[in-house]
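Below is my_file_0.pdb, which holds PDB, C-alpha atoms (C1' of nucleotides).
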```pdb
ATOM      1  CA  MET L 747       0.000   0.000   0.000
ATOM      2  CA  ALA L 748       2.234   2.737  -1.324
ATOM      3  CA  ILE L 749       1.534   6.270  -0.163
ATOM      4  CA  VAL L 750       1.508   8.795  -2.975
ATOM      5  CA  LEU L 751       2.082  12.423  -2.038
ATOM      6  CA  SER L 752       2.067  15.489  -4.235
ATOM      7  CA  THR L 753       4.775  18.100  -3.833
ATOM      8  CA  GLU L 754       2.309  20.332  -2.052
ATOM      9  CA  GLN L 755       1.192  17.584   0.305
ATOM     10  CA  ALA L 756       4.722  16.542   1.175
ATOM     11  CA  LEU L 757       5.737  20.095   2.014
ATOM     12  CA  LYS L 758       2.552  20.799   3.938
ATOM     13  CA  LEU L 759       3.067  17.681   6.031
ATOM     14  CA  TRP L 760       6.579  18.763   6.942
ATOM     15  CA  GLN L 761       5.523  22.324   7.652
ATOM     16  CA  GLU L 762       2.691  21.396   9.989
ATOM     17  CA  VAL L 763       4.801  18.952  11.953
ATOM     18  CA  SER L 764       7.683  21.422  12.227
ATOM     19  CA  LEU L 765       5.376  24.223  13.234
ATOM     20  CA  ALA L 766       3.833  22.091  15.956
ATOM     21  CA  LEU L 767       7.306  21.337  17.328
ATOM     22  CA  VAL L 768       8.216  25.023  17.369
ATOM     23  CA  LEU L 769       4.932  26.073  18.982
ATOM     24  CA  ASP L 770       5.338  23.415  21.679
ATOM     25  CA  ASN L 771       8.841  24.685  22.465
ATOM     26  CA  LYS L 772      10.275  21.285  21.727
ATOM     27  CA  PRO L 773      14.067  21.128  21.341
ATOM     28  CA  ASP L 774      15.095  22.962  18.164
ATOM     29  CA  LEU L 775      17.212  20.142  16.740
ATOM     30  CA  THR L 776      19.191  20.375  13.539
ATOM     31  CA  THR L 777      18.709  17.871  10.749
ATOM     32  CA  ARG L 778      21.901  16.106  11.791
ATOM     33  CA  GLN L 779      20.799  15.811  15.390
ATOM     34  CA  MET L 780      17.363  14.524  14.435
ATOM     35  CA  THR L 781      18.930  11.955  12.144
ATOM     36  CA  ILE L 782      21.194  10.695  14.927
ATOM     37  CA  LEU L 783      18.314  10.486  17.378
ATOM     38  CA  LEU L 784      16.050   8.615  14.984
ATOM     39  CA  THR L 785      18.805   6.239  13.946
ATOM     40  CA  VAL L 786      19.534   5.277  17.535
ATOM     41  CA  TYR L 787      15.877   4.620  18.211
ATOM     42  CA  LEU L 788      14.995   2.851  14.973
ATOM     43  CA  GLU L 789      18.006   0.744  14.131
ATOM     44  CA  PRO L 790      19.300  -2.248  16.047
ATOM     45  CA  PRO L 791      22.042  -1.601  18.593
ATOM     46  CA  PRO L 792      24.845  -1.275  19.320
ATOM     47  CA  HIS L 793      25.388   2.341  18.206
ATOM     48  CA  THR L 794      28.862   3.799  18.390
ATOM     49  CA  VAL L 795      30.292   7.209  17.595
ATOM     50  CA  ARG L 796      32.230   5.982  14.599
ATOM     51  CA  GLY L 797      29.269   3.941  13.359
ATOM     52  CA  LEU L 798      26.956   6.914  13.405
ATOM     53  CA  ALA L 799      29.635   9.138  11.863
ATOM     54  CA  ALA L 800      30.046   6.666   9.015
ATOM     55  CA  LYS L 801      26.330   6.258   8.448
ATOM     56  CA  LEU L 802      25.752  10.006   8.289
ATOM     57  CA  GLY L 803      28.923  10.834   6.410
ATOM     58  CA  VAL L 804      30.128  13.300   9.048
ATOM     59  CA  THR L 805      33.187  13.541  11.275
ATOM     60  CA  LYS L 806      33.334  12.053  14.762
ATOM     61  CA  PRO L 807      33.315  15.403  16.581
ATOM     62  CA  VAL L 808      29.930  16.094  15.027
ATOM     63  CA  ILE L 809      28.590  12.987  16.752
ATOM     64  CA  THR L 810      30.365  13.724  20.035
ATOM     65  CA  ARG L 811      28.903  17.222  20.155
ATOM     66  CA  ALA L 812      25.430  16.027  19.255
ATOM     67  CA  LEU L 813      25.630  13.450  22.030
ATOM     68  CA  ASP L 814      26.759  16.157  24.462
ATOM     69  CA  THR L 815      23.785  18.328  23.568
ATOM     70  CA  MET L 816      21.143  15.628  23.363
ATOM     71  CA  GLY L 817      22.619  13.951  26.423
ATOM     72  CA  ARG L 818      22.080  17.165  28.351
ATOM     73  CA  MET L 819      18.510  17.148  27.069
ATOM     74  CA  GLU L 820      18.326  13.508  28.230
ATOM     75  CA  LEU L 821      17.218  12.340  24.814
ATOM     76  CA  LEU L 822      20.108   9.861  24.699
ATOM     77  CA  LYS L 823      22.834   8.554  26.972
ATOM     78  CA  ARG L 824      26.350   7.157  26.682
ATOM     79  CA  LYS L 825      27.698   3.974  28.159
ATOM     80  CA  ARG L 826      31.199   2.532  27.996
ATOM     81  CA  ASP L 827      31.447  -0.773  26.222
ATOM     82  CA  GLU L 828      32.948  -3.037  28.882
ATOM     83  CA  ARG L 829      34.059  -5.632  26.356
ATOM     84  CA  ASP L 830      36.107  -3.062  24.452
ATOM     85  CA  ARG L 831      36.569  -0.007  26.590
ATOM     86  CA  ARG L 832      37.528   2.160  23.633
ATOM     87  CA  ASN L 833      33.938   2.086  22.480
ATOM     88  CA  VAL L 834      31.048   4.166  23.657
ATOM     89  CA  ILE L 835      27.607   2.683  23.261
ATOM     90  CA  ILE L 836      24.810   5.177  22.654
ATOM     91  CA  GLN L 837      21.564   4.195  24.296
ATOM     92  CA  ARG L 838      17.977   5.306  24.414
ATOM     93  CA  THR L 839      16.376   6.989  27.384
ATOM     94  CA  VAL L 840      12.830   7.098  28.654
ATOM     95  CA  GLU L 841      12.663  10.812  27.864
ATOM     96  CA  GLY L 842      13.900  10.260  24.326
ATOM     97  CA  ALA L 843      11.412   7.485  23.690
ATOM     98  CA  LEU L 844       8.627   9.699  24.966
ATOM     99  CA  PHE L 845       9.724  12.586  22.781
ATOM    100  CA  LEU L 846       9.805  10.419  19.660
ATOM    101  CA  GLU L 847       6.482   8.860  20.472
ATOM    102  CA  GLN L 848       4.882  12.273  20.694
ATOM    103  CA  PHE L 849       6.711  13.302  17.568
ATOM    104  CA  ALA L 850       5.404  10.284  15.652
ATOM    105  CA  ASP L 851       1.915  11.222  16.772
ATOM    106  CA  LEU L 852       2.374  14.668  15.284
ATOM    107  CA  VAL L 853       3.411  13.157  11.982
ATOM    108  CA  SER L 854       0.527  10.697  11.997
ATOM    109  CA  VAL L 855      -2.050  13.331  12.783
ATOM    110  CA  GLN L 856      -0.829  15.580   9.998
ATOM    111  CA  ALA L 857      -0.658  12.694   7.567
ATOM    112  CA  GLU L 858      -4.251  11.840   8.293
ATOM    113  CA  LYS L 859      -5.320  15.363   7.495
ATOM    114  CA  ILE L 860      -4.043  15.034   3.960
TER     115      ILE L 860
ATOM    116  CA  MET C1471      -8.221   9.562   1.416
ATOM    117  CA  ALA C1472      -6.648   9.765   4.828
ATOM    118  CA  ILE C1473      -3.120   8.441   5.238
ATOM    119  CA  VAL C1474      -2.688   6.234   8.279
ATOM    120  CA  LEU C1475       0.823   5.807   9.623
ATOM    121  CA  SER C1476       2.054   3.690  12.482
ATOM    122  CA  THR C1477       4.532   5.155  14.965
ATOM    123  CA  GLU C1478       7.268   3.128  13.337
ATOM    124  CA  GLN C1479       6.343   4.273   9.845
ATOM    125  CA  ALA C1480       6.150   7.924  10.816
ATOM    126  CA  LEU C1481       9.581   7.841  12.433
ATOM    127  CA  LYS C1482      11.112   5.849   9.609
ATOM    128  CA  LEU C1483       9.801   8.336   7.067
ATOM    129  CA  TRP C1484      11.359  11.240   8.954
ATOM    130  CA  GLN C1485      14.625   9.404   9.464
ATOM    131  CA  GLU C1486      15.095   8.470   5.832
ATOM    132  CA  VAL C1487      14.327  11.966   4.597
ATOM    133  CA  SER C1488      16.620  13.557   7.181
ATOM    134  CA  LEU C1489      19.393  11.091   6.435
ATOM    135  CA  ALA C1490      19.158  11.828   2.735
ATOM    136  CA  LEU C1491      19.481  15.555   3.447
ATOM    137  CA  VAL C1492      22.547  14.984   5.608
ATOM    138  CA  LEU C1493      24.189  12.652   3.103
ATOM    139  CA  ASP C1494      23.582  15.150   0.289
ATOM    140  CA  ASN C1495      25.247  17.914   2.325
ATOM    141  CA  LYS C1496      22.106  19.992   2.120
ATOM    142  CA  PRO C1497      21.898  22.964   4.495
ATOM    143  CA  ASP C1498      21.637  21.717   8.086
ATOM    144  CA  LEU C1499      18.600  23.799   9.002
ATOM    145  CA  THR C1500      17.027  23.890  12.427
ATOM    146  CA  THR C1501      13.356  23.158  12.926
ATOM    147  CA  ARG C1502      12.665  26.869  13.263
ATOM    148  CA  GLN C1503      14.439  27.701  10.034
ATOM    149  CA  MET C1504      12.687  24.948   8.122
ATOM    150  CA  THR C1505       9.335  26.103   9.447
ATOM    151  CA  ILE C1506      10.006  29.652   8.279
ATOM    152  CA  LEU C1507      11.103  28.492   4.855
ATOM    153  CA  LEU C1508       8.101  26.248   4.345
ATOM    154  CA  THR C1509       5.689  28.888   5.580
ATOM    155  CA  VAL C1510       6.986  31.444   3.103
ATOM    156  CA  TYR C1511       6.677  29.003   0.247
ATOM    157  CA  LEU C1512       3.333  27.472   1.154
ATOM    158  CA  GLU C1513       1.264  30.312   2.507
ATOM    159  CA  PRO C1514      -0.018  33.312   0.603
ATOM    160  CA  PRO C1515       2.087  36.484   0.729
ATOM    161  CA  PRO C1516       2.904  38.969   1.996
ATOM    162  CA  HIS C1517       5.218  37.612   4.695
ATOM    163  CA  THR C1518       6.671  39.984   7.250
ATOM    164  CA  VAL C1519       9.066  39.561  10.159
ATOM    165  CA  ARG C1520       6.429  40.212  12.771
ATOM    166  CA  GLY C1521       3.915  37.998  10.990
ATOM    167  CA  LEU C1522       6.273  35.054  10.951
ATOM    168  CA  ALA C1523       7.326  35.718  14.537
ATOM    169  CA  ALA C1524       3.704  35.662  15.629
ATOM    170  CA  LYS C1525       2.878  32.526  13.689
ATOM    171  CA  LEU C1526       5.829  30.626  15.154
ATOM    172  CA  GLY C1527       5.567  32.095  18.632
ATOM    173  CA  VAL C1528       9.160  33.355  18.612
ATOM    174  CA  THR C1529      10.769  36.770  18.978
ATOM    175  CA  LYS C1530      11.521  39.012  16.023
ATOM    176  CA  PRO C1531      15.308  38.638  16.271
ATOM    177  CA  VAL C1532      14.854  34.925  15.692
ATOM    178  CA  ILE C1533      13.249  35.721  12.342
ATOM    179  CA  THR C1534      15.806  38.386  11.459
ATOM    180  CA  ARG C1535      18.656  35.977  12.124
ATOM    181  CA  ALA C1536      17.028  33.153  10.196
ATOM    182  CA  LEU C1537      16.522  35.507   7.246
ATOM    183  CA  ASP C1538      20.175  36.535   7.462
ATOM    184  CA  THR C1539      21.311  32.920   7.338
ATOM    185  CA  MET C1540      18.871  31.650   4.736
ATOM    186  CA  GLY C1541      19.335  34.835   2.738
ATOM    187  CA  ARG C1542      23.048  34.100   2.570
ATOM    188  CA  MET C1543      22.115  30.627   1.341
ATOM    189  CA  GLU C1544      19.804  32.331  -1.179
ATOM    190  CA  LEU C1545      16.837  30.298  -0.020
ATOM    191  CA  LEU C1546      14.879  33.495   0.626
ATOM    192  CA  LYS C1547      15.225  37.222   0.050
ATOM    193  CA  ARG C1548      14.096  40.464   1.642
ATOM    194  CA  LYS C1549      12.401  43.386  -0.020
ATOM    195  CA  ARG C1550      11.289  46.699   1.461
ATOM    196  CA  ASP C1551       7.570  47.328   1.365
ATOM    197  CA  GLU C1552       7.344  50.563  -0.613
ATOM    198  CA  ARG C1553       3.837  51.286   0.603
ATOM    199  CA  ASP C1554       4.953  51.167   4.240
ATOM    200  CA  ARG C1555       8.708  51.381   4.396
ATOM    201  CA  ARG C1556       8.827  50.059   7.953
ATOM    202  CA  ASN C1557       7.899  46.635   6.641
ATOM    203  CA  VAL C1558      10.137  44.030   5.107
ATOM    204  CA  ILE C1559       8.529  41.586   2.724
ATOM    205  CA  ILE C1560      10.081  38.129   2.631
ATOM    206  CA  GLN C1561      10.082  36.582  -0.803
ATOM    207  CA  ARG C1562      10.902  33.291  -2.464
ATOM    208  CA  THR C1563      13.911  32.710  -4.647
ATOM    209  CA  VAL C1564      14.569  30.358  -7.517
ATOM    210  CA  GLU C1565      17.140  28.516  -5.411
ATOM    211  CA  GLY C1566      14.717  28.137  -2.528
ATOM    212  CA  ALA C1567      11.991  26.810  -4.782
ATOM    213  CA  LEU C1568      14.415  24.317  -6.253
ATOM    214  CA  PHE C1569      15.565  23.185  -2.828
ATOM    215  CA  LEU C1570      12.021  22.613  -1.628
ATOM    216  CA  GLU C1571      11.064  20.832  -4.810
ATOM    217  CA  GLN C1572      13.931  18.395  -4.340
ATOM    218  CA  PHE C1573      13.038  18.105  -0.689
ATOM    219  CA  ALA C1574       9.414  17.267  -1.490
ATOM    220  CA  ASP C1575      10.681  14.582  -3.847
ATOM    221  CA  LEU C1576      12.657  13.042  -1.010
ATOM    222  CA  VAL C1577       9.568  12.945   1.155
ATOM    223  CA  SER C1578       7.432  11.486  -1.631
ATOM    224  CA  VAL C1579       9.940   8.778  -2.468
ATOM    225  CA  GLN C1580      10.222   7.709   1.160
ATOM    226  CA  ALA C1581       6.472   7.809   1.618
ATOM    227  CA  GLU C1582       6.029   5.490  -1.349
ATOM    228  CA  LYS C1583       8.408   2.991   0.181
ATOM    229  CA  ILE C1584       6.152   2.560   3.167
TER     230      ILE C1584
ATOM    231  C1'  DG T 419      56.548  -5.985  26.753
ATOM    232  C1'  DC T 420      56.398  -2.593  23.204
ATOM    233  C1'  DT T 421      55.059  -0.447  19.189
ATOM    234  C1'  DA T 422      51.118   0.468  16.269
ATOM    235  C1'  DA T 423      46.291   1.053  15.468
ATOM    236  C1'  DA T 424      41.656   2.264  16.824
ATOM    237  C1'  DT T 425      38.297   4.944  19.445
ATOM    238  C1'  DG T 426      36.168   8.808  21.315
ATOM    239  C1'  DA T 427      37.092  13.288  23.337
ATOM    240  C1'  DT T 428      39.218  17.734  23.330
ATOM    241  C1'  DA T 429      41.467  22.180  21.728
ATOM    242  C1'  DC T 430      41.345  25.741  18.497
ATOM    243  C1'  DG T 431      39.650  29.661  15.842
ATOM    244  C1'  DG T 432      35.718  30.982  13.622
ATOM    245  C1'  DT T 433      30.739  31.331  12.816
ATOM    246  C1'  DA T 434      25.919  31.311  14.208
ATOM    247  C1'  DA T 435      22.386  30.763  17.590
ATOM    248  C1'  DC T 436      19.844  32.391  21.823
ATOM    249  C1'  DG T 437      16.926  36.038  24.849
ATOM    250  C1'  DA T 438      16.645  40.652  26.445
ATOM    251  C1'  DA T 439      17.211  45.240  25.713
ATOM    252  C1'  DA T 440      17.951  49.205  23.029
ATOM    253  C1'  DC T 441      18.018  51.449  18.507
ATOM    254  C1'  DG T 442      16.886  54.166  14.091
ATOM    255  C1'  DA T 443      13.527  54.896  10.625
ATOM    256  C1'  DA T 444       8.946  55.356   9.313
ATOM    257  C1'  DA T 445       4.127  56.118  10.055
ATOM    258  C1'  DC T 446       0.399  57.584  12.846
ATOM    259  C1'  DC T 447      -2.219  60.815  15.477
ATOM    260  C1'  DG T 448      -3.505  64.517  18.225
TER     261       DG T 448
ATOM    262  C1'  DC K1068       4.536  70.099  14.190
ATOM    263  C1'  DG K1069       5.675  66.929  18.103
ATOM    264  C1'  DG K1070       5.014  62.893  20.627
ATOM    265  C1'  DT K1071       3.944  58.018  20.318
ATOM    266  C1'  DT K1072       3.699  53.709  18.203
ATOM    267  C1'  DT K1073       5.259  50.286  14.985
ATOM    268  C1'  DC K1074       8.707  47.718  12.534
ATOM    269  C1'  DG K1075      12.854  45.455  11.726
ATOM    270  C1'  DT K1076      17.600  45.491  13.107
ATOM    271  C1'  DT K1077      21.417  45.691  16.204
ATOM    272  C1'  DT K1078      23.924  45.007  20.418
ATOM    273  C1'  DC K1079      25.246  42.419  24.473
ATOM    274  C1'  DG K1080      26.865  38.383  26.753
ATOM    275  C1'  DT K1081      26.410  33.549  26.467
ATOM    276  C1'  DT K1082      26.072  29.120  24.429
ATOM    277  C1'  DA K1083      26.524  25.791  20.659
ATOM    278  C1'  DC K1084      28.103  24.454  16.243
ATOM    279  C1'  DC K1085      31.590  23.853  12.478
ATOM    280  C1'  DG K1086      36.096  21.482  10.493
ATOM    281  C1'  DT K1087      40.797  20.418  11.393
ATOM    282  C1'  DA K1088      44.149  18.750  14.236
ATOM    283  C1'  DT K1089      45.626  16.568  18.250
ATOM    284  C1'  DC K1090      44.947  13.961  22.576
ATOM    285  C1'  DA K1091      44.531  10.017  26.089
ATOM    286  C1'  DT K1092      43.004   5.500  26.610
ATOM    287  C1'  DT K1093      42.529   0.973  25.194
ATOM    288  C1'  DT K1094      43.330  -2.906  22.267
ATOM    289  C1'  DA K1095      45.941  -5.581  18.852
ATOM    290  C1'  DG K1096      50.009  -7.505  16.827
ATOM    291  C1'  DC K1097      54.518  -9.139  16.996
TER     292       DC K1097
END
```

Starting from the file, give its structure as C-alpha cells.
Amino acid sequence: MAIVLSTEQALKLWQEVSLALVLDNKPDLTTRQMTILLTVYLEPPPHTVRGLAAKLGVTKPVITRALDTMGRMELLKRKRDERDRRNVIIQRTVEGALFLEQFADLVSVQAEKI
Amino acid sequence: MAIVLSTEQALKLWQEVSLALVLDNKPDLTTRQMTILLTVYLEPPPHTVRGLAAKLGVTKPVITRALDTMGRMELLKRKRDERDRRNVIIQRTVEGALFLEQFADLVSVQAEKI
DNA sequence: GCTAAATGATACGGTAACGAAACGAAACCG
DNA sequence: CGGTTTCGTTTCGTTACCGTATCATTTAGC
C-alpha cells in the first residue's frame, strides 16, 4: 500500500509537523541531530560514535557534540562498552522514547489530514 | 483519502528523509528555520518579520537571524515594502523553490516505500 | 613488553544561535 | 509640528556548532 504524495502535500506535512514542534517549544534540533536520534531509536544496537559518523557521512566530533547536547537534554545517553573499553555505546532513554512517540503522533495526525 | 501511519512508519519516514538531506550535504537547518522556509513558500504572501514571529511564537530577532542565514544561502530574500517602508517583505527565490522541490521529492519517495 | 592502530574526546579559531534590551527609521495621530 | 507607536535590526553576553588537528586511553600484533 504505497503512499503517494504530491509536492504540495509533502511540504505541507513537513511544515505542519515542524510548526507544531516550534509552537510546543520542543528542542530545536538540527537535521543532523534529528537523524542521529532517529537512527539510535529505529536501528538495532549497538550504536557507536564511529558507526553513526560513518552512516551520516560526518566527522566524529559532530557525533560527540550532538551526544553532548542531546545527552544534556536527556534524549540519549552514553555507556562505555565493557568488552572493548575504547567504544562508547549510545543508548535510548525514557525521555527520548517519549519525545519520539509524541513526535510520531504529530506526523501521523498531519498525515491523516491530507 | 486519509493516510494512516504507524509510529514506526512515521519515524522511519522522517529518518530516511533527514538522512538523505545529511548525506547530500544539504543545508543543516534547524526546525525553526525549516518552518520559516516552508511557511513562506506554502502560505499566501505577503510575509513579514512580525507575521512570521507571531505565527511561530518566537521573537523578532529569531526571524531576522534566520533571514540573514537563509538569505546568505539564497533560499529566501528580503524586499522593502514601498507602501509602508517600515515593513520588510520576505520573498521566495529560484534557489529556494528548487531546494524545496527536491526536498518534497525526497519525502514522496520515502512515503512510497512505506 | 612494546610499538602500532583504533576509538572517542578535546582544543582551536571561527561562525551562528539564543533572549533581552535598546536602537533608528517610518508612520500615525492629536 | 511633536510625541507616540510600529517595525525590523542591532547590540550584548552567552552558548553551541563547524572542520581540522591533536589527545589520552585501550586494544591488537609481533

query: If you apply the PyMOL selection byres ((chain K) within 10 of (chain L)) to this file, what residues do you get, as an MDAnalysis selection string?
result: chainID K and resid 1083:1086 1092:1094

task: Report the residues retrieved by the PyMOL selection byres ((chain C) within 7 of (chain L)) from the displayed file, expressed as an MDAnalysis selection string.
output: chainID C and resid 1472:1475 1477 1480:1481 1485 1488:1489 1492:1493 1498:1502 1505 1508:1509 1526:1527 1571 1574:1575 1577:1578 1581:1584

Please build the interface table for chain L against chain T with a cut-off of 8 Å, listing for each qualifying residue the nearest atom pair and the distance in Å to one decimal; count only C-alpha atoms (C1' of nucleotides), order rows by chain and increasing number, and write it as a Markdown table.
```
| residue | atom | partner | partner_atom | distance |
| --- | --- | --- | --- | --- |
| L:Val795 | CA | T:DG426 | C1' | 7.1 |
| L:Arg796 | CA | T:DT425 | C1' | 7.8 |
| L:Lys806 | CA | T:DG426 | C1' | 7.8 |
| L:Thr810 | CA | T:DA427 | C1' | 7.5 |
| L:Arg832 | CA | T:DT425 | C1' | 5.1 |
| L:Asn833 | CA | T:DT425 | C1' | 6.0 |
| L:Val834 | CA | T:DG426 | C1' | 7.3 |
```

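Between CA of Ile836 in chain L and CA of His793 in chain L lies a distance of 5.3 Å.
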
message: I'd like the interatomic distance between C1' of DT1076 in chain K and CA of Gly1521 in chain C, to a tenth of an Å.
response: 15.7 Å

Pairwise distance for CA of Asp827 in chain L and CA of Ala799 in chain L, rounded to one decimal in Å: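 Separation of CA of Asp827 in chain L and CA of Ala799 in chain L: 17.5 Å.
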
query: Expanded to explicit residues, what is the PyMOL selection byres ((chain L and resi 824) around 7) for this file, as number ranges by chain?
result: L: 823, 825-826, 834-837
